[in-house]
file query-v2.pdb (PDB, C-alpha atoms)
ATOM      1  CA  MET A   1      20.569 -28.652 -16.183
ATOM      2  CA  GLY A   2      22.907 -26.741 -13.845
ATOM      3  CA  ALA A   3      26.064 -27.910 -15.587
ATOM      4  CA  TYR A   4      24.563 -27.325 -19.016
ATOM      5  CA  GLY A   5      23.371 -23.817 -18.118
ATOM      6  CA  SER A   6      26.634 -22.725 -16.548
ATOM      7  CA  ALA A   7      28.547 -24.290 -19.468
ATOM      8  CA  PHE A   8      26.490 -22.067 -21.748
ATOM      9  CA  GLY A   9      27.106 -18.916 -19.689
ATOM     10  CA  ALA A  10      30.838 -19.594 -19.499
ATOM     11  CA  SER A  11      31.092 -20.500 -23.203
ATOM     12  CA  ALA A  12      29.231 -17.354 -24.224
ATOM     13  CA  VAL A  13      31.731 -15.181 -22.349
ATOM     14  CA  ALA A  14      34.619 -17.234 -23.793
ATOM     15  CA  ASN A  15      33.229 -16.414 -27.254
ATOM     16  CA  HIS A  16      33.321 -12.647 -26.558
ATOM     17  CA  PHE A  17      29.707 -12.183 -25.455
ATOM     18  CA  THR A  18      29.174  -9.925 -22.439
ATOM     19  CA  VAL A  19      27.512 -11.255 -19.272
ATOM     20  CA  LEU A  20      24.390  -9.240 -20.207
ATOM     21  CA  GLN A  21      24.292 -10.727 -23.702
ATOM     22  CA  ALA A  22      24.755 -14.256 -22.343
ATOM     23  CA  CYS A  23      21.838 -13.750 -19.942
ATOM     24  CA  LEU A  24      19.628 -12.182 -22.619
ATOM     25  CA  LEU A  25      20.207 -15.192 -24.887
ATOM     26  CA  SER A  26      18.990 -17.506 -22.116
ATOM     27  CA  LEU A  27      16.004 -15.271 -21.314
ATOM     28  CA  LEU A  28      14.892 -14.458 -24.859
ATOM     29  CA  LEU A  29      16.111 -17.307 -27.059
ATOM     30  CA  PHE A  30      15.743 -20.042 -24.413
ATOM     31  CA  SER A  31      16.590 -23.114 -26.469
ATOM     32  CA  GLY A  32      19.897 -24.814 -25.583
ATOM     33  CA  ALA A  33      21.168 -25.965 -28.967
ATOM     34  CA  SER A  34      20.103 -22.718 -30.688
ATOM     35  CA  GLN A  35      21.853 -20.616 -28.029
ATOM     36  CA  PHE A  36      25.075 -22.601 -28.365
ATOM     37  CA  ALA A  37      24.783 -22.216 -32.144
ATOM     38  CA  VAL A  38      24.630 -18.405 -31.896
ATOM     39  CA  ILE A  39      27.758 -18.196 -29.745
ATOM     40  CA  GLY A  40      29.473 -20.955 -31.757
ATOM     41  CA  VAL A  41      28.950 -19.277 -35.124
ATOM     42  CA  MET A  42      29.718 -15.757 -33.828
ATOM     43  CA  GLY A  43      32.741 -17.076 -31.915
ATOM     44  CA  ALA A  44      34.065 -18.641 -35.126
ATOM     45  CA  GLY A  45      33.874 -15.186 -36.723
ATOM     46  CA  GLY A  46      30.646 -15.786 -38.636
ATOM     47  CA  SER A  47      28.158 -13.122 -39.709
ATOM     48  CA  ALA A  48      24.970 -12.302 -37.810
ATOM     49  CA  ALA A  49      22.960 -13.746 -40.721
ATOM     50  CA  SER A  50      24.627 -17.165 -40.546
ATOM     51  CA  ALA A  51      24.278 -17.221 -36.741
ATOM     52  CA  ILE A  52      20.557 -16.422 -37.003
ATOM     53  CA  ALA A  53      20.010 -18.996 -39.770
ATOM     54  CA  THR A  54      21.851 -21.786 -37.917
ATOM     55  CA  SER A  55      20.081 -21.035 -34.650
ATOM     56  CA  THR A  56      16.654 -20.880 -36.317
ATOM     57  CA  LEU A  57      17.112 -24.147 -38.201
ATOM     58  CA  LEU A  58      18.097 -25.829 -34.921
ATOM     59  CA  GLY A  59      14.871 -24.453 -33.408
ATOM     60  CA  THR A  60      12.484 -25.793 -36.062
ATOM     61  CA  ARG A  61      11.611 -28.788 -33.877
ATOM     62  CA  ASN A  62      10.097 -26.294 -31.394
ATOM     63  CA  ALA A  63       7.443 -25.536 -34.042
ATOM     64  CA  LEU A  64       6.483 -29.221 -33.936
ATOM     65  CA  TYR A  65       6.318 -29.061 -30.140
ATOM     66  CA  GLY A  66       4.190 -25.895 -30.356
ATOM     67  CA  LEU A  67       1.826 -27.706 -32.674
ATOM     68  CA  ARG A  68       1.459 -30.699 -30.327
ATOM     69  CA  MET A  69       1.142 -28.557 -27.190
ATOM     70  CA  SER A  70      -1.493 -26.185 -28.620
ATOM     71  CA  SER A  71      -4.113 -28.965 -28.686
ATOM     72  CA  ILE A  72      -3.392 -29.701 -24.986
ATOM     73  CA  LEU A  73      -2.859 -26.181 -23.577
ATOM     74  CA  LYS A  74      -5.646 -24.345 -25.465
ATOM     75  CA  HIS A  75      -4.443 -20.975 -24.136
ATOM     76  CA  LYS A  76      -5.077 -17.543 -25.623
ATOM     77  CA  GLY A  77      -3.430 -14.133 -25.205
ATOM     78  CA  TRP A  78      -0.511 -13.667 -22.804
ATOM     79  CA  ARG A  79      -0.712 -17.230 -21.453
ATOM     80  CA  ARG A  80      -0.216 -18.527 -24.967
ATOM     81  CA  ALA A  81       2.815 -16.225 -25.392
ATOM     82  CA  ILE A  82       4.440 -17.388 -22.136
ATOM     83  CA  GLY A  83       3.583 -20.989 -22.971
ATOM     84  CA  ALA A  84       5.282 -20.549 -26.350
ATOM     85  CA  GLN A  85       8.457 -19.201 -24.740
ATOM     86  CA  ILE A  86       8.802 -22.286 -22.515
ATOM     87  CA  THR A  87       7.938 -24.768 -25.297
ATOM     88  CA  ILE A  88      11.172 -26.780 -25.318
ATOM     89  CA  ASP A  89      12.346 -30.427 -25.280
ATOM     90  CA  GLU A  90      11.843 -30.885 -21.528
ATOM     91  CA  SER A  91       8.406 -29.277 -21.023
ATOM     92  CA  THR A  92       6.937 -30.945 -24.120
ATOM     93  CA  GLY A  93       8.490 -34.297 -23.198
ATOM     94  CA  VAL A  94       7.030 -34.269 -19.684
ATOM     95  CA  ALA A  95       3.602 -33.115 -20.932
ATOM     96  CA  LEU A  96       3.352 -35.764 -23.641
ATOM     97  CA  SER A  97       4.279 -38.559 -21.215
ATOM     98  CA  GLN A  98       1.242 -37.849 -18.967
ATOM     99  CA  SER A  99      -1.899 -39.951 -19.291
ATOM    100  CA  ASN A 100      -4.489 -37.154 -19.136
ATOM    101  CA  GLU A 101      -4.763 -33.509 -20.226
ATOM    102  CA  VAL A 102      -4.872 -32.022 -16.707
ATOM    103  CA  ASP A 103      -1.584 -33.700 -15.733
ATOM    104  CA  ALA A 104      -0.137 -32.840 -19.136
ATOM    105  CA  ARG A 105      -0.880 -29.127 -18.636
ATOM    106  CA  LYS A 106       0.500 -29.216 -15.097
ATOM    107  CA  GLY A 107       3.620 -31.080 -16.234
ATOM    108  CA  PHE A 108       4.197 -28.611 -19.049
ATOM    109  CA  TRP A 109       3.976 -25.489 -16.861
ATOM    110  CA  TYR A 110       5.952 -26.819 -13.872
ATOM    111  CA  THR A 111       8.707 -28.260 -16.057
ATOM    112  CA  GLY A 112       8.874 -25.291 -18.428
ATOM    113  CA  LEU A 113       8.954 -22.612 -15.722
ATOM    114  CA  GLY A 114      11.335 -24.639 -13.526
ATOM    115  CA  VAL A 115      13.802 -25.195 -16.348
ATOM    116  CA  PHE A 116      13.491 -21.521 -17.341
ATOM    117  CA  LEU A 117      14.354 -20.373 -13.815
ATOM    118  CA  PHE A 118      17.354 -22.653 -13.306
ATOM    119  CA  TRP A 119      18.643 -22.306 -16.867
ATOM    120  CA  ASN A 120      18.798 -18.515 -16.473
ATOM    121  CA  LEU A 121      20.250 -18.684 -12.973
ATOM    122  CA  PHE A 122      23.056 -21.023 -14.023
ATOM    123  CA  THR A 123      23.724 -19.022 -17.196
ATOM    124  CA  LEU A 124      24.352 -15.976 -15.018
ATOM    125  CA  MET A 125      26.630 -17.943 -12.669
ATOM    126  CA  GLY A 126      28.602 -19.468 -15.553
ATOM    127  CA  ALA A 127      28.955 -16.104 -17.290
ATOM    128  CA  LEU A 128      30.075 -14.318 -14.108
ATOM    129  CA  GLY A 129      32.517 -17.134 -13.351
ATOM    130  CA  ALA A 130      34.062 -17.018 -16.823
ATOM    131  CA  ASN A 131      34.180 -13.230 -16.683
ATOM    132  CA  ALA A 132      36.154 -13.399 -13.434
ATOM    133  CA  ILE A 133      38.808 -15.859 -14.624
ATOM    134  CA  GLY A 134      40.096 -13.992 -17.674
ATOM    135  CA  ASP A 135      41.829 -16.031 -20.413
ATOM    136  CA  PRO A 136      39.214 -18.627 -21.491
ATOM    137  CA  SER A 137      41.807 -20.954 -23.067
ATOM    138  CA  ALA A 138      43.630 -21.316 -19.729
ATOM    139  CA  TRP A 139      40.454 -22.864 -18.307
ATOM    140  CA  GLY A 140      39.594 -24.958 -21.348
ATOM    141  CA  LEU A 141      36.428 -22.998 -22.110
ATOM    142  CA  ASP A 142      37.220 -22.950 -25.844
ATOM    143  CA  ALA A 143      37.057 -26.772 -25.811
ATOM    144  CA  ALA A 144      33.881 -26.841 -23.707
ATOM    145  CA  VAL A 145      31.791 -25.484 -26.600
ATOM    146  CA  PRO A 146      32.599 -28.213 -29.168
ATOM    147  CA  ALA A 147      32.388 -30.807 -26.364
ATOM    148  CA  ALA A 148      28.879 -29.542 -25.547
ATOM    149  CA  PHE A 149      27.889 -29.767 -29.229
ATOM    150  CA  LEU A 150      29.248 -33.316 -29.316
ATOM    151  CA  GLY A 151      27.288 -34.175 -26.171
ATOM    152  CA  MET A 152      24.090 -32.935 -27.839
ATOM    153  CA  LEU A 153      24.886 -34.733 -31.090
ATOM    154  CA  TRP A 154      25.850 -38.143 -29.637
ATOM    155  CA  PRO A 155      22.395 -39.373 -28.462
ATOM    156  CA  ARG A 156      20.963 -38.556 -31.908
ATOM    157  CA  LEU A 157      23.382 -40.882 -33.726
ATOM    158  CA  LYS A 158      21.435 -44.127 -33.866
ATOM    159  CA  GLU A 159      20.823 -45.534 -37.328
ATOM    160  CA  ARG A 160      23.251 -45.710 -40.213
ATOM    161  CA  ALA A 161      21.590 -42.729 -41.971
ATOM    162  CA  THR A 162      22.273 -40.413 -39.012
ATOM    163  CA  TRP A 163      25.956 -41.425 -38.920
ATOM    164  CA  ALA A 164      26.163 -40.835 -42.675
ATOM    165  CA  VAL A 165      24.668 -37.334 -42.329
ATOM    166  CA  ALA A 166      27.087 -36.538 -39.472
ATOM    167  CA  ALA A 167      30.125 -37.779 -41.410
ATOM    168  CA  ALA A 168      29.116 -35.954 -44.598
ATOM    169  CA  SER A 169      28.560 -32.750 -42.598
ATOM    170  CA  LEU A 170      32.008 -32.966 -40.981
ATOM    171  CA  VAL A 171      33.627 -33.347 -44.409
ATOM    172  CA  LEU A 172      31.559 -30.598 -46.060
ATOM    173  CA  ALA A 173      32.244 -28.098 -43.246
ATOM    174  CA  LEU A 174      35.992 -28.844 -43.322
ATOM    175  CA  VAL A 175      36.218 -28.522 -47.112
ATOM    176  CA  LEU A 176      34.331 -25.195 -47.076
ATOM    177  CA  VAL A 177      36.235 -23.524 -44.207
ATOM    178  CA  PRO A 178      39.181 -22.099 -46.226
ATOM    179  CA  ASN A 179      36.943 -21.194 -49.176
ATOM    180  CA  VAL A 180      33.927 -19.303 -47.815
ATOM    181  CA  PRO A 181      33.298 -16.729 -45.036
ATOM    182  CA  ALA A 182      33.213 -18.070 -41.456
ATOM    183  CA  GLY A 183      29.784 -19.328 -40.412
ATOM    184  CA  VAL A 184      28.770 -20.386 -43.930
ATOM    185  CA  PRO A 185      30.351 -23.897 -43.637
ATOM    186  CA  ILE A 186      28.088 -24.660 -40.650
ATOM    187  CA  ILE A 187      24.803 -23.537 -42.173
ATOM    188  CA  SER A 188      25.714 -25.331 -45.426
ATOM    189  CA  CYS A 189      25.511 -28.647 -43.577
ATOM    190  CA  ALA A 190      21.725 -28.208 -43.442
ATOM    191  CA  LEU A 191      21.721 -28.982 -47.178
ATOM    192  CA  ILE A 192      22.942 -32.506 -46.412
ATOM    193  CA  ALA A 193      20.049 -33.019 -43.974
ATOM    194  CA  ILE A 194      17.569 -31.729 -46.558
ATOM    195  CA  VAL A 195      18.917 -33.882 -49.406
ATOM    196  CA  VAL A 196      19.132 -37.078 -47.315
ATOM    197  CA  GLY A 197      15.763 -36.475 -45.600
ATOM    198  CA  TRP A 198      14.091 -35.742 -48.952
ATOM    199  CA  ARG A 199      15.359 -38.858 -50.707
ATOM    200  CA  SER A 200      15.413 -41.601 -48.065
ATOM    201  CA  GLU A 201      12.288 -43.738 -47.695
TER     202      GLU A 201
ATOM    203  CA  MET B   1      24.330  -1.872 -33.352
ATOM    204  CA  SER B   2      27.064  -4.512 -33.310
ATOM    205  CA  LYS B   3      26.620  -7.783 -35.173
ATOM    206  CA  THR B   4      26.460  -9.628 -31.843
ATOM    207  CA  TRP B   5      23.324  -7.695 -30.892
ATOM    208  CA  ILE B   6      21.789  -8.272 -34.332
ATOM    209  CA  ALA B   7      22.412 -12.027 -33.975
ATOM    210  CA  LEU B   8      21.037 -12.029 -30.430
ATOM    211  CA  ILE B   9      17.807 -10.165 -31.220
ATOM    212  CA  GLY B  10      17.236 -11.782 -34.631
ATOM    213  CA  SER B  11      17.668 -15.358 -33.419
ATOM    214  CA  SER B  12      15.540 -14.726 -30.307
ATOM    215  CA  ALA B  13      12.691 -13.209 -32.339
ATOM    216  CA  LEU B  14      12.688 -16.069 -34.835
ATOM    217  CA  ALA B  15      12.927 -18.706 -32.092
ATOM    218  CA  PHE B  16       9.841 -17.230 -30.412
ATOM    219  CA  ALA B  17       8.015 -17.035 -33.732
ATOM    220  CA  LEU B  18       8.688 -20.738 -34.352
ATOM    221  CA  LYS B  19       7.396 -21.738 -30.910
ATOM    222  CA  TYR B  20       4.379 -19.409 -31.077
ATOM    223  CA  LEU B  21       3.378 -20.046 -34.672
ATOM    224  CA  GLY B  22       3.948 -23.809 -34.544
ATOM    225  CA  SER B  23       0.292 -24.183 -33.664
ATOM    226  CA  ALA B  24      -0.747 -22.026 -36.627
ATOM    227  CA  VAL B  25       0.956 -24.189 -39.248
ATOM    228  CA  PRO B  26      -1.363 -26.761 -40.851
ATOM    229  CA  GLU B  27      -0.723 -30.111 -39.173
ATOM    230  CA  PHE B  28      -0.579 -32.084 -42.439
ATOM    231  CA  TRP B  29       2.385 -29.948 -43.502
ATOM    232  CA  LEU B  30       4.508 -30.358 -40.363
ATOM    233  CA  SER B  31       3.598 -34.017 -39.951
ATOM    234  CA  HIS B  32       4.575 -34.898 -43.528
ATOM    235  CA  PRO B  33       7.118 -37.762 -43.234
ATOM    236  CA  ARG B  34       9.578 -35.956 -45.485
ATOM    237  CA  ILE B  35       9.470 -32.802 -43.316
ATOM    238  CA  GLN B  36       9.802 -34.918 -40.153
ATOM    239  CA  ARG B  37      12.842 -36.761 -41.518
ATOM    240  CA  ILE B  38      14.511 -33.464 -42.479
ATOM    241  CA  ASN B  39      13.596 -32.000 -39.079
ATOM    242  CA  ASN B  40      15.309 -34.921 -37.332
ATOM    243  CA  LEU B  41      18.409 -34.730 -39.518
ATOM    244  CA  ILE B  42      18.969 -30.947 -39.395
ATOM    245  CA  PRO B  43      20.292 -30.880 -35.794
ATOM    246  CA  ILE B  44      22.622 -33.782 -36.617
ATOM    247  CA  ALA B  45      24.053 -31.972 -39.657
ATOM    248  CA  LEU B  46      24.399 -28.568 -37.959
ATOM    249  CA  LEU B  47      25.828 -29.940 -34.702
ATOM    250  CA  SER B  48      28.380 -31.990 -36.683
ATOM    251  CA  GLY B  49      29.404 -28.869 -38.581
ATOM    252  CA  LEU B  50      29.676 -26.891 -35.327
ATOM    253  CA  VAL B  51      31.791 -29.600 -33.650
ATOM    254  CA  ILE B  52      34.380 -29.752 -36.400
ATOM    255  CA  VAL B  53      34.539 -25.985 -37.021
ATOM    256  CA  GLN B  54      34.915 -25.221 -33.302
ATOM    257  CA  THR B  55      37.544 -27.937 -32.863
ATOM    258  CA  MET B  56      39.825 -27.703 -35.871
ATOM    259  CA  THR B  57      39.493 -24.230 -37.363
ATOM    260  CA  GLU B  58      40.044 -20.577 -36.515
ATOM    261  CA  LYS B  59      38.154 -18.176 -38.827
ATOM    262  CA  THR B  60      39.066 -19.595 -42.277
ATOM    263  CA  LYS B  61      42.189 -21.603 -41.307
ATOM    264  CA  TYR B  62      42.786 -25.147 -40.061
ATOM    265  CA  ILE B  63      44.410 -25.331 -36.629
ATOM    266  CA  ILE B  64      45.078 -28.365 -34.440
ATOM    267  CA  ASP B  65      45.619 -27.167 -30.854
ATOM    268  CA  HIS B  66      44.609 -27.833 -27.250
ATOM    269  CA  ARG B  67      40.919 -27.852 -28.207
ATOM    270  CA  ALA B  68      41.382 -31.093 -30.185
ATOM    271  CA  ALA B  69      42.721 -32.773 -27.024
ATOM    272  CA  GLY B  70      39.627 -31.630 -25.117
ATOM    273  CA  VAL B  71      37.268 -32.923 -27.800
ATOM    274  CA  GLY B  72      39.258 -36.170 -27.907
ATOM    275  CA  PHE B  73      38.490 -36.592 -24.228
ATOM    276  CA  ALA B  74      34.814 -35.810 -24.920
ATOM    277  CA  ILE B  75      34.638 -38.569 -27.552
ATOM    278  CA  ALA B  76      36.207 -41.094 -25.163
ATOM    279  CA  ALA B  77      33.834 -40.037 -22.378
ATOM    280  CA  LEU B  78      30.784 -40.364 -24.644
ATOM    281  CA  ILE B  79      31.877 -43.831 -25.787
ATOM    282  CA  ALA B  80      32.183 -44.733 -22.079
ATOM    283  CA  LYS B  81      28.597 -43.437 -21.628
ATOM    284  CA  ALA B  82      29.661 -40.633 -19.258
ATOM    285  CA  PRO B  83      26.981 -38.055 -18.336
ATOM    286  CA  PHE B  84      26.924 -34.643 -20.042
ATOM    287  CA  PRO B  85      28.648 -32.631 -17.243
ATOM    288  CA  VAL B  86      31.564 -35.105 -17.167
ATOM    289  CA  VAL B  87      31.937 -34.795 -20.939
ATOM    290  CA  VAL B  88      32.026 -30.981 -20.942
ATOM    291  CA  VAL B  89      34.031 -30.387 -17.754
ATOM    292  CA  GLY B  90      36.483 -33.185 -18.612
ATOM    293  CA  ALA B  91      37.016 -31.708 -22.081
ATOM    294  CA  ALA B  92      37.688 -28.280 -20.557
ATOM    295  CA  ILE B  93      40.189 -29.668 -18.034
ATOM    296  CA  THR B  94      41.995 -31.728 -20.696
ATOM    297  CA  SER B  95      42.199 -28.725 -23.003
ATOM    298  CA  ALA B  96      43.405 -26.432 -20.205
ATOM    299  CA  ILE B  97      46.189 -28.871 -19.242
ATOM    300  CA  VAL B  98      47.413 -29.158 -22.853
ATOM    301  CA  TYR B  99      47.200 -25.360 -23.229
ATOM    302  CA  ARG B 100      49.428 -24.819 -20.201
ATOM    303  CA  TYR B 101      52.149 -27.363 -21.025
TER     304      TYR B 101
END

call {"tool": "encode", "arguments": {"input": "query-v2.pdb", "output": "structure tokens"}}
result
Amino acid sequence: MGAYGSAFGASAVANHFTVLQACLLSLLLFSGASQFAVIGVMGAGGSAASAIATSTLLGTRNALYGLRMSSILKHKGWRRAIGAQITIDESTGVALSQSNEVDARKGFWYTGLGVFLFWNLFTLMGALGANAIGDPSAWGLDAAVPAAFLGMLWPRLKERATWAVAAASLVLALVLVPNVPAGVPIISCALIAIVVGWRSE
Amino acid sequence: MSKTWIALIGSSALAFALKYLGSAVPEFWLSHPRIQRINNLIPIALLSGLVIVQTMTEKTKYIIDHRAAGVGFAIAALIAKAPFPVVVVGAAITSAIVYRY
């Protein structure tokens, strides 16, 4: 969590986000892959629209988590809003692995708030660190972003279909890069996921 | 307002809406096998696109530079089942060394 959070803070600054903007992304967006997508697409020179679309599509699984958690949490009003903000992989995972609802609720809140605290703390440290060192390339920060994406992608590559989607996406993005505005090649890869997911049994 | 701020606020608002409204969407719709398959494949497609674009391009041009060396290290580390911090920090160090020499 610490390494991941500070990698995000440092990468955000390396992609021309200010320390404030890096911290706001961790506070307000608070979803690792989506945050990296915003800085990745903007850093590649993409438009705000393609950054928002890529980030939002990466966050759709949080809607599924929200659905599963709502039957366990049963909160209303401001508690529901805070619960929604910390509905992420970790908090949902811990909650769903408990054997009863009381432990599930406890697990969700402790994990969600704990991750939120440390994620934001380490984002700030990473961003301040990167801000202090100047040229991001000299410290390899421009390679840290694709390496982080690869680290998030790797555990998801299990069956043959997932490798096929990854390979097709690499090719599609590369073919599109010289032909369309920056940012569009990335979001276009979602089409491959939709076509393959729609057709496979 | 700069496009960075628009991206920041827009993506944050939509991310919250997804988390908050997830419980409002009819379950039969989100749990449809087709939707679930697409939901599992979308991160794979987008992350693959992000990896290649961030490694081998600059705006709308192809460029092979120090970043490719860093990502090469990341691939080797992942094959060797290294933990996430080793993958990212190792990639940064590899890239920085190639950049300097």

call {"tool": "residues_near_point", "arguments": {"input": "query-v2.pdb", "point": "(6.3, -24.8, -25.2)", "cutoff": "7 Å", "atoms": "only C-alpha atoms", "output": "PyMOL selection string"}}
result
(chain A and resi 65-66+69+83-88+91-92) or (chain B and resi 19)

call {"tool": "closest_residue", "arguments": {"input": "query-v2.pdb", "among": "A:Arg79, A:Arg68, A:His16, A:Arg105", "to": "A:Leu141", "atoms": "all atoms listed in the file"}}
result
A:His16

call {"tool": "atom_distance", "arguments": {"input": "query-v2.pdb", "atom1": "atom CA of A:Ala7", "atom2": "atom CA of A:Ser55"}}
result
17.7 Å

call {"tool": "residues_around", "arguments": {"input": "query-v2.pdb", "residues": "B:Ile38", "least_positions_apart": "2", "cutoff": "9 Å", "atoms": "only C-alpha atoms", "output": "list in words"}}
result
Ala190, Ala193, Ile194, Val195, Val196, Gly197 and Trp198 of chain A; Pro33, Arg34, Ile35, Gln36, Asn40, Leu41 and Ile42 of chain B

call {"tool": "atom_distance", "arguments": {"input": "query-v2.pdb", "atom1": "atom CA of A:Thr56", "atom2": "atom CA of B:Ser12"}}
result
8.7 Å

call {"tool": "residues_around", "arguments": {"input": "query-v2.pdb", "residues": "stretch 32-34 of chain A", "least_positions_apart": "2", "cutoff": "10 Å", "atoms": "all atoms listed in the file", "output": "PyMOL selection string"}}
result
(chain A and resi 4-5+8+25-26+29-30+36-40+51-60+88-89+119+148-149+152-153) or (chain B and resi 11-12+15+43+46-47)

call {"tool": "interface_residues", "arguments": {"input": "query-v2.pdb", "of": "chain B", "to": "chain A", "cutoff": "7 Å", "atoms": "only C-alpha atoms", "output": "ChimeraX atom specification"}}
result
/B:3-4,6-8,10-12,14-16,18-23,30,34,37-39,41-55,58-61,67,70-71,74,84-85,87-89,91-93,95-96,99-100

call {"tool": "write_last_selection", "arguments": {"input": "query-v2.pdb", "atoms": "C-alpha atoms", "output": "compact mmCIF listing (two decimals), in the coordinates of the input"}}
result
# COMPACT_ATOMS: atom_id res chain seq x y z
CA LYS B 3 26.62 -7.78 -35.17
CA THR B 4 26.46 -9.63 -31.84
CA ILE B 6 21.79 -8.27 -34.33
CA ALA B 7 22.41 -12.03 -33.98
CA LEU B 8 21.04 -12.03 -30.43
CA GLY B 10 17.24 -11.78 -34.63
CA SER B 11 17.67 -15.36 -33.42
CA SER B 12 15.54 -14.73 -30.31
CA LEU B 14 12.69 -16.07 -34.84
CA ALA B 15 12.93 -18.71 -32.09
CA PHE B 16 9.84 -17.23 -30.41
CA LEU B 18 8.69 -20.74 -34.35
CA LYS B 19 7.40 -21.74 -30.91
CA TYR B 20 4.38 -19.41 -31.08
CA LEU B 21 3.38 -20.05 -34.67
CA GLY B 22 3.95 -23.81 -34.54
CA SER B 23 0.29 -24.18 -33.66
CA LEU B 30 4.51 -30.36 -40.36
CA ARG B 34 9.58 -35.96 -45.48
CA ARG B 37 12.84 -36.76 -41.52
CA ILE B 38 14.51 -33.46 -42.48
CA ASN B 39 13.60 -32.00 -39.08
CA LEU B 41 18.41 -34.73 -39.52
CA ILE B 42 18.97 -30.95 -39.40
CA PRO B 43 20.29 -30.88 -35.79
CA ILE B 44 22.62 -33.78 -36.62
CA ALA B 45 24.05 -31.97 -39.66
CA LEU B 46 24.40 -28.57 -37.96
CA LEU B 47 25.83 -29.94 -34.70
CA SER B 48 28.38 -31.99 -36.68
CA GLY B 49 29.40 -28.87 -38.58
CA LEU B 50 29.68 -26.89 -35.33
CA VAL B 51 31.79 -29.60 -33.65
CA ILE B 52 34.38 -29.75 -36.40
CA VAL B 53 34.54 -25.98 -37.02
CA GLN B 54 34.92 -25.22 -33.30
CA THR B 55 37.54 -27.94 -32.86
CA GLU B 58 40.04 -20.58 -36.52
CA LYS B 59 38.15 -18.18 -38.83
CA THR B 60 39.07 -19.60 -42.28
CA LYS B 61 42.19 -21.60 -41.31
CA ARG B 67 40.92 -27.85 -28.21
CA GLY B 70 39.63 -31.63 -25.12
CA VAL B 71 37.27 -32.92 -27.80
CA ALA B 74 34.81 -35.81 -24.92
CA PHE B 84 26.92 -34.64 -20.04
CA PRO B 85 28.65 -32.63 -17.24
CA VAL B 87 31.94 -34.80 -20.94
CA VAL B 88 32.03 -30.98 -20.94
CA VAL B 89 34.03 -30.39 -17.75
CA ALA B 91 37.02 -31.71 -22.08
CA ALA B 92 37.69 -28.28 -20.56
CA ILE B 93 40.19 -29.67 -18.03
CA SER B 95 42.20 -28.72 -23.00
CA ALA B 96 43.40 -26.43 -20.20
CA TYR B 99 47.20 -25.36 -23.23
CA ARG B 100 49.43 -24.82 -20.20

call {"tool": "resolve_selection", "arguments": {"input": "query-v2.pdb", "expression": "the PyMOL selection byres ((chain A and resi 108) around 10)", "output": "list in words"}}
result
Met69, Ile72, Leu73, Gly83, Ile86, Thr87, Ile88, Glu90, Ser91, Thr92, Gly93, Val94, Ala95, Leu96, Gln98, Val102, Asp103, Ala104, Arg105, Lys106, Gly107, Trp109, Tyr110, Thr111, Gly112, Leu113 and Gly114 of chain A

call {"tool": "atom_distance", "arguments": {"input": "query-v2.pdb", "atom1": "atom CA of A:Ala130", "atom2": "atom CA of A:Gly9"}}
result
7.8 Å

call {"tool": "build_atoms", "arguments": {"input": "query-v2.pdb", "residues": "stretch 37-45 of chain A", "atoms": "N, CA, C and O atoms", "output": "PDB file, in the coordinates of the input"}}
result
ATOM      1  N   ALA A  37      24.486 -22.472 -30.735  1.00  0.00           N
ATOM      2  CA  ALA A  37      24.783 -22.216 -32.144  1.00  0.00           C
ATOM      3  C   ALA A  37      25.110 -20.742 -32.373  1.00  0.00           C
ATOM      4  O   ALA A  37      26.039 -20.420 -33.125  1.00  0.00           O
ATOM      5  N   VAL A  38      24.367 -19.841 -31.721  1.00  0.00           N
ATOM      6  CA  VAL A  38      24.630 -18.405 -31.896  1.00  0.00           C
ATOM      7  C   VAL A  38      26.053 -18.073 -31.439  1.00  0.00           C
ATOM      8  O   VAL A  38      26.827 -17.449 -32.164  1.00  0.00           O
ATOM      9  N   ILE A  39      26.419 -18.541 -30.236  1.00  0.00           N
ATOM     10  CA  ILE A  39      27.758 -18.196 -29.745  1.00  0.00           C
ATOM     11  C   ILE A  39      28.835 -18.953 -30.525  1.00  0.00           C
ATOM     12  O   ILE A  39      29.923 -18.433 -30.739  1.00  0.00           O
ATOM     13  N   GLY A  40      28.504 -20.175 -30.985  1.00  0.00           N
ATOM     14  CA  GLY A  40      29.473 -20.955 -31.757  1.00  0.00           C
ATOM     15  C   GLY A  40      29.789 -20.299 -33.089  1.00  0.00           C
ATOM     16  O   GLY A  40      30.960 -20.150 -33.460  1.00  0.00           O
ATOM     17  N   VAL A  41      28.746 -19.879 -33.806  1.00  0.00           N
ATOM     18  CA  VAL A  41      28.950 -19.277 -35.124  1.00  0.00           C
ATOM     19  C   VAL A  41      29.602 -17.898 -34.978  1.00  0.00           C
ATOM     20  O   VAL A  41      30.543 -17.562 -35.697  1.00  0.00           O
ATOM     21  N   MET A  42      29.121 -17.089 -34.024  1.00  0.00           N
ATOM     22  CA  MET A  42      29.718 -15.757 -33.828  1.00  0.00           C
ATOM     23  C   MET A  42      31.161 -15.889 -33.338  1.00  0.00           C
ATOM     24  O   MET A  42      32.046 -15.137 -33.751  1.00  0.00           O
ATOM     25  N   GLY A  43      31.398 -16.863 -32.441  1.00  0.00           N
ATOM     26  CA  GLY A  43      32.741 -17.076 -31.915  1.00  0.00           C
ATOM     27  C   GLY A  43      33.719 -17.502 -32.998  1.00  0.00           C
ATOM     28  O   GLY A  43      34.908 -17.200 -32.939  1.00  0.00           O
ATOM     29  N   ALA A  44      33.213 -18.219 -34.018  1.00  0.00           N
ATOM     30  CA  ALA A  44      34.065 -18.641 -35.126  1.00  0.00           C
ATOM     31  C   ALA A  44      34.262 -17.506 -36.127  1.00  0.00           C
ATOM     32  O   ALA A  44      34.901 -17.680 -37.155  1.00  0.00           O
ATOM     33  N   GLY A  45      33.695 -16.337 -35.844  1.00  0.00           N
ATOM     34  CA  GLY A  45      33.874 -15.186 -36.723  1.00  0.00           C
ATOM     35  C   GLY A  45      32.806 -15.066 -37.790  1.00  0.00           C
ATOM     36  O   GLY A  45      32.967 -14.332 -38.752  1.00  0.00           O
TER      37      GLY A  45
END
